[in-house]
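Below: work_1.cif (mmCIF, C-alpha atoms)
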```cif
data_work
#
loop_
_atom_site.label_atom_id
_atom_site.label_comp_id
_atom_site.auth_asym_id
_atom_site.auth_seq_id
_atom_site.Cartn_x
_atom_site.Cartn_y
_atom_site.Cartn_z
CA MET A 75 -95.86 -28.98 193.92
CA ILE A 76 -98.69 -27.51 196.02
CA LEU A 77 -101.32 -29.71 194.38
CA LYS A 78 -99.36 -32.86 195.18
CA GLN A 79 -99.30 -31.91 198.85
CA ALA A 80 -102.95 -30.82 198.98
CA GLU A 81 -105.63 -33.00 200.54
CA ARG A 82 -108.71 -30.92 199.73
CA ILE A 83 -108.98 -29.17 196.36
CA VAL A 84 -111.45 -26.84 194.64
CA ILE A 85 -111.26 -26.84 190.84
CA LYS A 86 -112.91 -24.10 188.81
CA ILE A 87 -113.40 -24.50 185.07
CA GLY A 88 -114.58 -21.56 182.96
CA SER A 89 -117.28 -21.20 180.33
CA SER A 90 -114.91 -21.00 177.38
CA LEU A 91 -113.45 -24.40 178.26
CA VAL A 92 -116.75 -26.05 179.14
CA THR A 93 -118.49 -24.91 175.96
CA ASN A 94 -115.61 -24.83 173.47
CA GLN A 95 -115.75 -21.04 173.18
CA GLY A 96 -119.55 -21.04 173.12
CA LYS A 97 -119.99 -23.67 170.42
CA GLY A 98 -121.71 -26.13 172.76
CA LEU A 99 -120.69 -28.42 175.59
CA ASP A 100 -117.25 -29.89 174.94
CA GLN A 101 -117.91 -33.54 175.81
CA ASP A 102 -114.30 -34.60 175.30
CA ARG A 103 -112.98 -31.92 177.63
CA LEU A 104 -115.52 -32.62 180.36
CA SER A 105 -114.75 -36.32 180.06
CA SER A 106 -111.06 -35.51 180.45
CA ILE A 107 -111.78 -33.39 183.55
CA ALA A 108 -113.77 -36.28 185.04
CA LYS A 109 -110.91 -38.68 184.33
CA GLN A 110 -108.38 -36.38 185.96
CA ILE A 111 -110.55 -35.80 189.03
CA ALA A 112 -110.98 -39.58 189.31
CA TYR A 113 -107.17 -39.81 189.34
CA LEU A 114 -106.90 -37.16 192.07
CA LYS A 115 -109.44 -39.05 194.17
CA SER A 116 -107.49 -42.28 193.66
CA GLU A 117 -104.54 -40.43 195.19
CA GLY A 118 -106.59 -39.83 198.33
CA LYS A 119 -107.68 -36.26 197.61
CA THR A 120 -111.16 -34.80 197.98
CA VAL A 121 -112.35 -32.56 195.16
CA VAL A 122 -115.09 -29.98 194.64
CA LEU A 123 -115.74 -28.79 191.09
CA VAL A 124 -117.02 -25.27 190.39
CA SER A 125 -118.18 -25.13 186.80
CA SER A 126 -119.41 -22.32 184.63
CA GLY A 127 -121.17 -22.95 181.34
CA ALA A 128 -124.92 -23.01 182.02
CA ILE A 129 -125.68 -19.70 180.32
CA ALA A 130 -123.40 -20.45 177.37
CA GLU A 131 -124.96 -23.89 176.92
CA GLY A 132 -128.44 -22.42 177.22
CA MET A 133 -127.65 -19.85 174.54
CA GLN A 134 -126.48 -22.67 172.28
CA ARG A 135 -129.61 -24.74 172.89
CA LEU A 136 -131.83 -21.73 172.27
CA ASN A 137 -129.90 -20.83 169.08
CA TRP A 138 -128.96 -17.37 170.36
CA SER A 139 -126.02 -15.90 168.46
CA GLY A 140 -125.03 -13.38 171.12
CA CYS A 141 -125.19 -12.95 174.87
CA PRO A 142 -128.29 -10.95 175.85
CA SER A 143 -128.05 -8.00 178.22
CA GLU A 144 -131.47 -8.52 179.79
CA LEU A 145 -131.25 -10.31 183.14
CA TYR A 146 -134.41 -12.35 182.61
CA LYS A 147 -133.03 -13.73 179.35
CA LEU A 148 -129.78 -14.70 181.03
CA GLN A 149 -131.79 -16.43 183.76
CA ALA A 150 -133.82 -18.33 181.17
CA ALA A 151 -130.67 -19.41 179.34
CA ALA A 152 -129.14 -20.59 182.61
CA ALA A 153 -132.20 -22.67 183.46
CA VAL A 154 -132.09 -24.37 180.05
CA GLY A 155 -128.33 -24.82 179.97
CA GLN A 156 -127.96 -26.17 183.49
CA MET A 157 -129.89 -29.29 182.46
CA GLY A 158 -127.40 -30.16 179.75
CA LEU A 159 -124.42 -29.25 181.91
CA VAL A 160 -125.44 -31.56 184.76
CA GLN A 161 -126.44 -34.39 182.44
CA THR A 162 -123.07 -34.29 180.72
CA TYR A 163 -121.06 -34.17 183.94
CA GLU A 164 -123.07 -37.03 185.44
CA SER A 165 -122.47 -39.28 182.43
CA CYS A 166 -118.76 -38.38 182.34
CA PHE A 167 -118.18 -39.18 186.02
CA GLN A 168 -120.24 -42.37 185.83
CA GLU A 169 -117.57 -43.74 183.49
CA TYR A 170 -115.28 -43.77 186.55
CA ASN A 171 -117.97 -45.01 188.97
CA LEU A 172 -118.17 -41.63 190.69
CA HIS A 173 -121.39 -40.03 191.87
CA THR A 174 -121.93 -36.30 191.46
CA ALA A 175 -124.14 -33.78 193.24
CA GLN A 176 -125.38 -30.41 192.03
CA LEU A 177 -125.35 -27.30 194.24
CA LEU A 178 -126.55 -23.96 192.88
CA LEU A 179 -125.57 -21.04 195.11
CA THR A 180 -126.05 -17.30 195.37
CA HIS A 181 -124.00 -14.73 197.25
CA GLU A 182 -126.81 -14.56 199.80
CA ASP A 183 -126.33 -18.26 200.56
CA ILE A 184 -122.68 -17.71 201.51
CA SER A 185 -123.10 -14.41 203.39
CA ASP A 186 -125.93 -15.72 205.61
CA ARG A 187 -124.26 -17.62 208.48
CA LYS A 188 -127.12 -20.09 208.90
CA ARG A 189 -127.03 -21.01 205.22
CA TYR A 190 -123.23 -20.95 205.39
CA LEU A 191 -123.30 -23.71 208.01
CA ASN A 192 -125.94 -25.65 206.10
CA ILE A 193 -123.92 -25.56 202.88
CA GLY A 194 -120.75 -26.51 204.76
CA SER A 195 -122.52 -29.47 206.37
CA THR A 196 -123.89 -30.66 203.04
CA LEU A 197 -120.55 -30.38 201.29
CA GLY A 198 -118.78 -32.08 204.17
CA GLU A 199 -121.13 -35.05 204.05
CA LEU A 200 -120.91 -35.32 200.25
CA LEU A 201 -117.12 -35.40 200.45
CA GLU A 202 -117.26 -38.02 203.20
CA LEU A 203 -119.46 -40.13 200.90
CA GLY A 204 -116.93 -39.85 198.06
CA VAL A 205 -119.29 -37.79 195.92
CA VAL A 206 -117.96 -35.05 193.62
CA PRO A 207 -119.98 -31.86 194.30
CA ILE A 208 -120.47 -29.72 191.19
CA ILE A 209 -121.23 -26.10 192.07
CA ASN A 210 -122.44 -23.24 189.90
CA GLU A 211 -123.91 -19.84 190.57
CA ASN A 212 -127.69 -20.03 190.59
CA ASP A 213 -127.98 -17.87 187.50
CA SER A 214 -131.65 -18.72 186.96
CA VAL A 215 -132.73 -16.84 190.11
CA VAL A 216 -130.01 -14.31 190.93
CA THR A 217 -130.49 -10.58 190.65
CA ASP A 218 -127.87 -7.89 190.14
CA GLU A 219 -127.71 -7.35 193.90
CA ILE A 220 -126.80 -10.94 194.83
CA ARG A 221 -124.93 -12.36 191.83
CA PHE A 222 -121.28 -13.28 192.35
CA GLY A 223 -120.50 -11.81 188.96
CA ASP A 224 -118.11 -14.60 188.09
CA ASN A 225 -117.45 -18.14 189.22
CA ASP A 226 -113.87 -17.25 190.15
CA THR A 227 -115.21 -15.43 193.22
CA LEU A 228 -117.65 -18.25 193.93
CA ALA A 229 -114.82 -20.79 193.76
CA ALA A 230 -112.74 -18.77 196.22
CA LEU A 231 -115.65 -18.52 198.65
CA VAL A 232 -116.21 -22.28 198.41
CA THR A 233 -112.47 -22.81 198.98
CA ASN A 234 -112.70 -20.92 202.25
CA LEU A 235 -116.00 -22.56 203.18
CA ILE A 236 -114.63 -26.11 203.06
CA ASP A 237 -111.10 -25.21 204.28
CA ALA A 238 -109.54 -26.37 201.01
CA ASP A 239 -105.78 -26.38 200.63
CA VAL A 240 -105.64 -25.29 196.98
CA LEU A 241 -107.89 -23.55 194.46
CA VAL A 242 -107.18 -24.50 190.84
CA ILE A 243 -108.58 -22.11 188.23
CA LEU A 244 -108.56 -23.64 184.75
CA THR A 245 -108.89 -21.01 182.07
CA ASP A 246 -108.09 -20.37 178.40
CA GLN A 247 -104.86 -18.59 179.39
CA ALA A 248 -101.52 -20.10 180.37
CA GLY A 249 -101.33 -18.21 183.65
CA LEU A 250 -100.27 -14.81 184.96
CA TYR A 251 -97.84 -12.82 182.83
CA THR A 252 -95.70 -9.81 183.61
CA ALA A 253 -97.65 -7.99 180.86
CA ASP A 254 -100.34 -8.73 178.30
CA PRO A 255 -98.66 -11.32 176.01
CA ARG A 256 -100.99 -10.42 173.14
CA ILE A 257 -99.43 -7.00 172.81
CA ASP A 258 -96.05 -7.35 174.53
CA SER A 259 -93.66 -9.92 173.08
CA ASN A 260 -91.42 -9.55 176.13
CA ALA A 261 -94.15 -10.69 178.52
CA LYS A 262 -93.01 -13.58 180.71
CA LEU A 263 -95.13 -16.22 182.38
CA LEU A 264 -94.80 -16.13 186.16
CA ASN A 265 -94.47 -19.59 187.69
CA SER A 266 -94.85 -18.43 191.29
CA VAL A 267 -95.95 -15.24 193.06
CA MET A 268 -97.21 -14.34 196.52
CA ALA A 269 -100.87 -13.44 196.95
CA GLU A 270 -99.87 -10.64 199.31
CA ASP A 271 -97.65 -9.00 196.66
CA PRO A 272 -99.47 -5.79 195.59
CA VAL A 273 -97.95 -5.82 192.11
CA ILE A 274 -99.84 -8.92 190.96
CA GLU A 275 -102.98 -6.91 190.31
CA GLN A 276 -100.97 -4.71 187.95
CA MET A 277 -99.87 -7.84 186.08
CA ALA A 278 -103.43 -9.03 185.47
CA ALA A 279 -103.44 -7.45 182.03
CA ALA A 280 -104.98 -10.32 180.07
CA THR A 281 -108.76 -10.32 179.85
CA GLY A 282 -111.38 -13.00 179.25
CA GLY A 283 -113.38 -13.46 176.08
CA SER A 284 -117.03 -12.72 175.35
CA ILE A 285 -118.25 -16.08 176.63
CA GLY A 286 -117.31 -15.74 180.32
CA ARG A 287 -117.91 -12.86 182.74
CA GLY A 288 -114.46 -12.94 184.34
CA GLY A 289 -110.98 -12.03 183.16
CA MET A 290 -107.54 -12.40 184.71
CA PHE A 291 -108.30 -9.61 187.18
CA THR A 292 -111.18 -11.63 188.71
CA LYS A 293 -108.86 -14.62 189.01
CA ILE A 294 -106.30 -12.56 190.90
CA THR A 295 -109.08 -11.21 193.13
CA ALA A 296 -110.25 -14.79 193.74
CA ALA A 297 -106.70 -15.89 194.58
CA LYS A 298 -106.33 -13.07 197.11
CA LEU A 299 -109.69 -14.01 198.64
CA ALA A 300 -108.69 -17.68 198.88
CA ALA A 301 -105.38 -16.62 200.43
CA LYS A 302 -107.22 -14.86 203.27
CA GLY A 303 -108.49 -18.31 204.22
CA GLY A 304 -105.01 -19.82 203.98
CA ALA A 305 -105.37 -21.48 200.55
CA SER A 306 -102.97 -21.13 197.63
CA THR A 307 -104.17 -20.86 194.02
CA ILE A 308 -103.03 -22.26 190.69
CA ILE A 309 -104.05 -20.51 187.45
CA ALA A 310 -103.40 -22.70 184.42
CA SER A 311 -104.68 -23.44 180.94
CA GLY A 312 -107.40 -26.03 180.74
CA TYR A 313 -106.29 -26.73 177.17
CA GLU A 314 -103.12 -28.37 178.48
CA GLU A 315 -103.45 -32.15 178.21
CA ASN A 316 -103.93 -33.88 181.59
CA ILE A 317 -103.23 -30.59 183.35
CA LEU A 318 -104.52 -31.73 186.76
CA ILE A 319 -102.58 -34.98 186.69
CA ARG A 320 -99.38 -33.18 185.71
CA LEU A 321 -99.85 -30.60 188.46
CA GLU A 322 -100.42 -33.35 191.02
CA GLN A 323 -97.25 -35.09 189.86
CA GLY A 324 -95.27 -31.93 190.55
CA GLU A 325 -94.86 -30.48 187.06
CA VAL A 326 -94.57 -26.69 186.94
CA VAL A 327 -97.45 -25.51 184.74
CA GLY A 328 -99.22 -22.15 184.91
CA THR A 329 -98.88 -19.81 187.88
CA GLU A 330 -98.88 -20.69 191.55
CA ILE A 331 -100.18 -17.90 193.78
CA LEU A 332 -98.92 -18.77 197.24
CA THR A 333 -99.79 -17.43 200.68
CA ASN A 334 -98.15 -17.37 204.09
CA THR A 335 -101.50 -17.21 205.87
CA GLU A 336 -102.14 -20.22 208.08
CA LYS A 337 -105.58 -21.72 207.42
CA LEU A 338 -106.77 -22.21 210.99
CA ALA A 339 -105.53 -18.80 212.09
CA ALA A 340 -107.36 -17.10 209.21
CA ARG A 341 -110.65 -18.85 210.03
CA LYS A 342 -110.39 -18.05 213.72
CA GLN A 343 -109.60 -14.43 212.95
CA TRP A 344 -112.79 -14.27 210.88
CA ILE A 345 -114.89 -15.83 213.64
CA ALA A 346 -113.38 -13.54 216.27
CA GLY A 347 -114.47 -10.52 214.24
CA LEU A 348 -118.14 -11.52 214.10
CA GLN A 349 -120.91 -9.90 216.12
CA ILE A 350 -121.65 -11.98 219.23
CA ASN A 351 -125.38 -12.63 219.74
CA GLY A 352 -125.63 -14.69 222.93
CA SER A 353 -123.83 -16.98 225.33
CA ILE A 354 -123.84 -20.52 226.72
CA THR A 355 -122.46 -21.79 230.03
CA LEU A 356 -120.34 -24.95 230.14
CA ASP A 357 -119.69 -27.41 232.95
CA GLU A 358 -116.16 -28.23 234.13
CA GLY A 359 -115.90 -31.30 231.92
CA ALA A 360 -116.73 -29.35 228.78
CA VAL A 361 -114.26 -26.61 229.69
CA THR A 362 -111.51 -29.19 230.08
CA ALA A 363 -112.51 -30.87 226.81
CA LEU A 364 -112.16 -27.58 224.96
CA LEU A 365 -109.04 -26.19 226.64
CA VAL A 366 -107.04 -29.39 227.18
CA ASP A 367 -108.33 -32.01 224.76
CA GLY A 368 -109.11 -29.67 221.86
CA THR A 369 -112.48 -31.28 221.11
CA SER A 370 -115.73 -29.96 219.69
CA LEU A 371 -118.44 -28.77 222.09
CA LEU A 372 -121.24 -31.31 222.65
CA PRO A 373 -124.64 -30.44 224.16
CA ILE A 374 -124.01 -32.69 227.16
CA GLY A 375 -121.43 -30.19 228.44
CA VAL A 376 -123.78 -27.16 228.40
CA ILE A 377 -125.72 -26.23 231.54
CA ASP A 378 -127.34 -22.91 230.56
CA THR A 379 -127.96 -20.59 227.63
CA THR A 380 -129.28 -17.13 226.86
CA ASP A 381 -132.34 -16.83 224.64
CA ASN A 382 -131.23 -14.50 221.88
CA PHE A 383 -129.32 -16.30 219.12
CA GLU A 384 -130.10 -18.28 215.98
CA ARG A 385 -128.35 -21.17 214.27
CA GLY A 386 -125.10 -20.02 212.69
CA GLU A 387 -124.57 -17.00 214.92
CA ALA A 388 -121.51 -16.45 217.09
CA VAL A 389 -121.89 -16.98 220.84
CA HIS A 390 -119.73 -16.62 223.95
CA CYS A 391 -118.76 -19.84 225.75
CA MET A 392 -118.58 -19.18 229.50
CA ASP A 393 -117.38 -21.32 232.40
CA MET A 394 -119.40 -21.66 235.62
CA LYS A 395 -117.54 -18.68 237.13
CA GLY A 396 -118.83 -16.43 234.34
CA GLU A 397 -115.47 -16.15 232.59
CA GLU A 398 -115.34 -16.41 228.81
CA ILE A 399 -113.18 -19.28 227.55
CA ALA A 400 -114.16 -19.39 223.87
CA LEU A 401 -116.51 -18.18 221.17
CA GLY A 402 -117.86 -19.97 218.14
CA LEU A 403 -120.56 -20.52 215.54
CA ILE A 404 -123.37 -22.50 217.10
CA ASN A 405 -125.23 -25.21 215.20
CA TYR A 406 -128.58 -24.75 216.99
CA SER A 407 -130.75 -21.80 217.97
CA ALA A 408 -131.13 -20.72 221.60
CA THR A 409 -134.54 -22.39 221.77
CA GLU A 410 -133.15 -25.66 220.41
CA THR A 411 -130.05 -25.46 222.61
CA ARG A 412 -132.15 -25.08 225.75
CA LYS A 413 -134.03 -28.28 224.86
CA ILE A 414 -130.89 -30.38 224.32
CA LEU A 415 -128.44 -28.94 226.86
CA GLY A 416 -127.04 -31.59 229.16
CA ARG A 417 -128.10 -34.34 226.74
CA THR A 418 -125.99 -36.71 224.67
CA SER A 419 -125.71 -36.30 220.91
CA ASP A 420 -127.82 -39.45 220.44
CA GLU A 421 -130.71 -37.71 222.19
CA ILE A 422 -130.84 -34.73 219.81
CA GLU A 423 -133.10 -36.37 217.24
CA PRO A 424 -135.60 -37.83 219.74
CA ILE A 425 -135.91 -34.42 221.41
CA LEU A 426 -135.92 -32.10 218.37
CA GLY A 427 -137.15 -34.52 215.72
CA TYR A 428 -134.07 -33.87 213.58
CA VAL A 429 -130.29 -33.51 213.75
CA ASP A 430 -128.47 -30.59 212.13
CA GLU A 431 -125.10 -31.57 213.64
CA VAL A 432 -124.02 -33.90 216.45
CA GLU A 433 -121.90 -31.08 217.91
CA LEU A 434 -123.23 -27.88 219.38
CA ILE A 435 -120.12 -26.08 218.10
CA ASN A 436 -117.65 -27.82 215.79
CA ARG A 437 -113.99 -27.44 216.70
CA LYS A 438 -113.16 -25.70 213.42
CA ASN A 439 -115.76 -23.03 214.25
CA LEU A 440 -114.45 -22.45 217.78
CA VAL A 441 -111.94 -19.84 218.97
CA LEU A 442 -110.35 -20.18 222.40
CA ILE A 443 -109.95 -16.94 224.36
#
```

Would you give me this structure, written as structure tokens?
Amino acid sequence: MILKQAERIVIKIGSSLVTNQGKGLDQDRLSSIAKQIAYLKSEGKTVVLVSSGAIAEGMQRLNWSGCPSELYKLQAAAAVGQMGLVQTYESCFQEYNLHTAQLLLTHEDISDRKRYLNIGSTLGELLELGVVPIINENDSVVTDEIRFGDNDTLAALVTNLIDADVLVILTDQAGLYTADPRIDSNAKLLNSVMAEDPVIEQMAAATGGSIGRGGMFTKITAAKLAAKGGASTIIASGYEENILIRLEQGEVVGTEILTNTEKLAARKQWIAGLQINGSITLDEGAVTALLVDGTSLLPIGVIDTTDNFERGEAVHCMDMKGEEIALGLINYSATETRKILGRTSDEIEPILGYVDEVELINRKNLVLI
């Protein structure tokens, strides 16, 4: 039922499904995924797709029989395979008059707060435009130090980044079992568990195949990570016909991993734990707008700023008496902020020559003290 109630959804599809167990891109399956996402969008939902498959497709195109261990070969395969992956998705979604966009990310992109804001802004605009973003790890440039290691983790990070309600992980397994069903005939499929339950990691006995990098354990880890941001997770078999449509219609398929964490509270807790790198001073009108009206902070309400922060860093928001009323992630550097303080949002571009955001601090990135 959680998919039916969700407004914003991240769907992750693994390599084994995308490439038919490494035999090459499964056009029929990708077309089916596109059809189902088109249905979800017709129901008023916004969808981001996280897709594996570039390396596996590259291996197929290069006629490699096995997965190489050398990083540079994996990067080369990813570069070759990503072309076919994107071409196929684009043609599949065009059948339903949907535009797609490609985003290739590394762990560094998510962990850097400036890039974090940039990615969030891009994704937000794409979703506003009705585009289906298709995200993959940037396997052609990653190194061992910055690779996600599996797209399950990437999907969870994206889920938290865009404040999604549900993460759906489509895999070659039916869901989470009480034991490994391949060796235990008494293993039972769990329809619903809590992400905070410590025993679920012990139940992640099933493992992935040779095509993908992740197994059930990485999916549980991803679900727990998504839960920290207030999102629930569904793990289900992508081989089930019309799986996304059936889930949206309320059918119980796979495993729901639920959480009690409230989304906004989780995000604010994260922001509150960041290192603070500067401060801005607000006029009375801006203070009222934040405390009473619950709005975002616009540059017109700022009267002063310190000189020691960059875009994406956390700053104190002070009133004219020097008392802190809030903190948040700022969309402009101290130098930029000083140029636009006291100005309307329409004046940002004439002054700076560009607009990153119309708000100085977006409401979702603001924590009241």

Evaluate the PyMOL selection byres ((chain A and resi 83-91) around 8) on the structure here and hand back the selected residues as a PDB file with C-alpha atoms, keeping the file's coordinate frame.
```pdb
ATOM      1  CA  LEU A  77    -101.320 -29.710 194.380  1.00  0.00           C
ATOM      2  CA  ALA A  80    -102.950 -30.820 198.980  1.00  0.00           C
ATOM      3  CA  GLU A  81    -105.630 -33.000 200.540  1.00  0.00           C
ATOM      4  CA  ARG A  82    -108.710 -30.920 199.730  1.00  0.00           C
ATOM      5  CA  VAL A  92    -116.750 -26.050 179.140  1.00  0.00           C
ATOM      6  CA  THR A  93    -118.490 -24.910 175.960  1.00  0.00           C
ATOM      7  CA  ASN A  94    -115.610 -24.830 173.470  1.00  0.00           C
ATOM      8  CA  GLN A  95    -115.750 -21.040 173.180  1.00  0.00           C
ATOM      9  CA  GLY A  96    -119.550 -21.040 173.120  1.00  0.00           C
ATOM     10  CA  ASP A 100    -117.250 -29.890 174.940  1.00  0.00           C
ATOM     11  CA  ARG A 103    -112.980 -31.920 177.630  1.00  0.00           C
ATOM     12  CA  LYS A 119    -107.680 -36.260 197.610  1.00  0.00           C
ATOM     13  CA  THR A 120    -111.160 -34.800 197.980  1.00  0.00           C
ATOM     14  CA  VAL A 121    -112.350 -32.560 195.160  1.00  0.00           C
ATOM     15  CA  VAL A 122    -115.090 -29.980 194.640  1.00  0.00           C
ATOM     16  CA  LEU A 123    -115.740 -28.790 191.090  1.00  0.00           C
ATOM     17  CA  VAL A 124    -117.020 -25.270 190.390  1.00  0.00           C
ATOM     18  CA  SER A 125    -118.180 -25.130 186.800  1.00  0.00           C
ATOM     19  CA  SER A 126    -119.410 -22.320 184.630  1.00  0.00           C
ATOM     20  CA  GLY A 127    -121.170 -22.950 181.340  1.00  0.00           C
ATOM     21  CA  ALA A 130    -123.400 -20.450 177.370  1.00  0.00           C
ATOM     22  CA  ASN A 225    -117.450 -18.140 189.220  1.00  0.00           C
ATOM     23  CA  ASP A 226    -113.870 -17.250 190.150  1.00  0.00           C
ATOM     24  CA  ALA A 229    -114.820 -20.790 193.760  1.00  0.00           C
ATOM     25  CA  VAL A 232    -116.210 -22.280 198.410  1.00  0.00           C
ATOM     26  CA  THR A 233    -112.470 -22.810 198.980  1.00  0.00           C
ATOM     27  CA  ALA A 238    -109.540 -26.370 201.010  1.00  0.00           C
ATOM     28  CA  ASP A 239    -105.780 -26.380 200.630  1.00  0.00           C
ATOM     29  CA  VAL A 240    -105.640 -25.290 196.980  1.00  0.00           C
ATOM     30  CA  LEU A 241    -107.890 -23.550 194.460  1.00  0.00           C
ATOM     31  CA  VAL A 242    -107.180 -24.500 190.840  1.00  0.00           C
ATOM     32  CA  ILE A 243    -108.580 -22.110 188.230  1.00  0.00           C
ATOM     33  CA  LEU A 244    -108.560 -23.640 184.750  1.00  0.00           C
ATOM     34  CA  THR A 245    -108.890 -21.010 182.070  1.00  0.00           C
ATOM     35  CA  ASP A 246    -108.090 -20.370 178.400  1.00  0.00           C
ATOM     36  CA  GLY A 283    -113.380 -13.460 176.080  1.00  0.00           C
ATOM     37  CA  ILE A 285    -118.250 -16.080 176.630  1.00  0.00           C
ATOM     38  CA  GLY A 286    -117.310 -15.740 180.320  1.00  0.00           C
ATOM     39  CA  GLY A 312    -107.400 -26.030 180.740  1.00  0.00           C
ATOM     40  CA  TYR A 313    -106.290 -26.730 177.170  1.00  0.00           C
TER      41      TYR A 313
END
```

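For the pair atom CA of A:Val366 and atom CA of A:Leu442, the separation is 10.9 Å.
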
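Evaluating the PyMOL selection byres ((chain A and resi 386) around 8) against the shown model yields Arg187, Lys188, Arg189, Tyr190, Leu191, Glu384, Arg385, Glu387, Ala388, Leu403, Ile404, Asn405, Tyr406 and Ser407 of chain A.
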
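If you apply the PyMOL selection byres ((chain A and resi 342) around 12) to this structure, you end up with Asp237, Lys302, Gly303, Gly304, Thr335, Glu336, Lys337, Leu338, Ala339, Ala340, Arg341, Gln343, Trp344, Ile345, Ala346, Gly347, Leu348, Ala388, Ala400, Leu401, Gly402, Leu403, Arg437, Lys438, Asn439, Leu440, Val441, Leu442 and Ile443 of chain A.
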
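Here atom CA of A:Thr418 and atom CA of A:Asp186 stand 28.4 Å from one another.
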
*asked:* Applying 8 Å and all atoms listed in the file, which residues near A:Lys293 remain after dropping the ones on its own chain fewer than 2 positions away? List them as a PyMOL selection string.
replied: chain A and resi 226-227+243+288-291+295-297+309

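Take the candidates A:Asn265, A:Leu415, A:Leu364, A:Glu358 and check each one against A:Met75 using only C-alpha atoms; the shortest distance goes to A:Asn265.
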
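Nearest residue to A:His173 among A:Ala230, A:Ala108, A:Gly416, A:Glu131 is A:Ala108, counting all atoms listed in the file.
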
Any chance you could tabulate, as JSON lines, the residues of stretch 199-262 of chain A at most 8 Å from stretch 324-333 of chain A with each one's nearest atom pair and distance in Å to one decimal, using all atoms listed in the file, in chain and rising number order?
```
{"residue": "A:Ala248", "atom": "CA", "partner": "A:Gly328", "partner_atom": "CA", "distance": 5.5}
{"residue": "A:Gly249", "atom": "CA", "partner": "A:Gly328", "partner_atom": "CA", "distance": 4.6}
{"residue": "A:Leu250", "atom": "CA", "partner": "A:Thr329", "partner_atom": "CA", "distance": 6.0}
```

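For the atom pair formed by atom CA of A:Gly158 and atom CA of A:Leu228, the distance is 20.9 Å, given to one decimal.
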
*Counting all atoms listed in the file, what is within 7 Å of A:Thr252, bar same-chain residues fewer than 3 positions away, as a PyMOL selection string?*
chain A and resi 261-264+277

*asked:* Using all atoms listed in the file and a cutoff of 12 Å, can you tell me which residues are near (-116.9, -36.8, 195.0) in the file's coordinates, and write them out as a PyMOL selection string?
replied: chain A and resi 82-84+108+111-116+118-123+164+167-168+170-176+197-209

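Considering the residues A:Gly352, A:Gly396, A:Gly368, A:Pro373 and counting all atoms listed in the file, A:Leu434 has its shortest atom-to-atom contact with A:Pro373.
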
*Among the residues A:Leu145, A:Leu299, A:Lys395, A:Ile308, the one that comes closest to A:Leu321 [using only C-alpha atoms]*: A:Ile308

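In terms of minimum interatomic distance to A:Asp102, A:Thr162 ranks closest within A:Asn210, A:Thr162, A:Gly155, A:Trp138, counting only C-alpha atoms.
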
Final N, CA, C and O atoms of stretch 118-126 of chain A as a PDB file, keeping the file's coordinate frame:
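result.pdb, freshly written:
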```
ATOM      1  N   GLY A 118    -106.164 -40.146 196.974  1.00  0.00           N
ATOM      2  CA  GLY A 118    -106.590 -39.830 198.330  1.00  0.00           C
ATOM      3  C   GLY A 118    -107.042 -38.403 198.549  1.00  0.00           C
ATOM      4  O   GLY A 118    -107.200 -37.967 199.702  1.00  0.00           O
ATOM      5  N   LYS A 119    -107.277 -37.656 197.484  1.00  0.00           N
ATOM      6  CA  LYS A 119    -107.680 -36.260 197.610  1.00  0.00           C
ATOM      7  C   LYS A 119    -109.206 -36.122 197.488  1.00  0.00           C
ATOM      8  O   LYS A 119    -109.856 -36.923 196.813  1.00  0.00           O
ATOM      9  N   THR A 120    -109.756 -35.135 198.149  1.00  0.00           N
ATOM     10  CA  THR A 120    -111.160 -34.800 197.980  1.00  0.00           C
ATOM     11  C   THR A 120    -111.257 -33.580 197.078  1.00  0.00           C
ATOM     12  O   THR A 120    -110.437 -32.664 197.173  1.00  0.00           O
ATOM     13  N   VAL A 121    -112.271 -33.583 196.196  1.00  0.00           N
ATOM     14  CA  VAL A 121    -112.350 -32.560 195.160  1.00  0.00           C
ATOM     15  C   VAL A 121    -113.760 -31.997 195.066  1.00  0.00           C
ATOM     16  O   VAL A 121    -114.748 -32.740 195.075  1.00  0.00           O
ATOM     17  N   VAL A 122    -113.847 -30.673 194.967  1.00  0.00           N
ATOM     18  CA  VAL A 122    -115.090 -29.980 194.640  1.00  0.00           C
ATOM     19  C   VAL A 122    -114.876 -29.270 193.311  1.00  0.00           C
ATOM     20  O   VAL A 122    -113.848 -28.614 193.107  1.00  0.00           O
ATOM     21  N   LEU A 123    -115.832 -29.400 192.413  1.00  0.00           N
ATOM     22  CA  LEU A 123    -115.740 -28.790 191.090  1.00  0.00           C
ATOM     23  C   LEU A 123    -116.701 -27.612 191.007  1.00  0.00           C
ATOM     24  O   LEU A 123    -117.892 -27.757 191.284  1.00  0.00           O
ATOM     25  N   VAL A 124    -116.187 -26.450 190.656  1.00  0.00           N
ATOM     26  CA  VAL A 124    -117.020 -25.270 190.390  1.00  0.00           C
ATOM     27  C   VAL A 124    -116.986 -25.038 188.891  1.00  0.00           C
ATOM     28  O   VAL A 124    -115.932 -24.773 188.323  1.00  0.00           O
ATOM     29  N   SER A 125    -118.141 -25.165 188.261  1.00  0.00           N
ATOM     30  CA  SER A 125    -118.180 -25.130 186.800  1.00  0.00           C
ATOM     31  C   SER A 125    -119.110 -24.047 186.282  1.00  0.00           C
ATOM     32  O   SER A 125    -120.278 -23.971 186.668  1.00  0.00           O
ATOM     33  N   SER A 126    -118.590 -23.235 185.405  1.00  0.00           N
ATOM     34  CA  SER A 126    -119.410 -22.320 184.630  1.00  0.00           C
ATOM     35  C   SER A 126    -119.987 -23.076 183.435  1.00  0.00           C
ATOM     36  O   SER A 126    -119.764 -24.273 183.283  1.00  0.00           O
TER      37      SER A 126
END
```
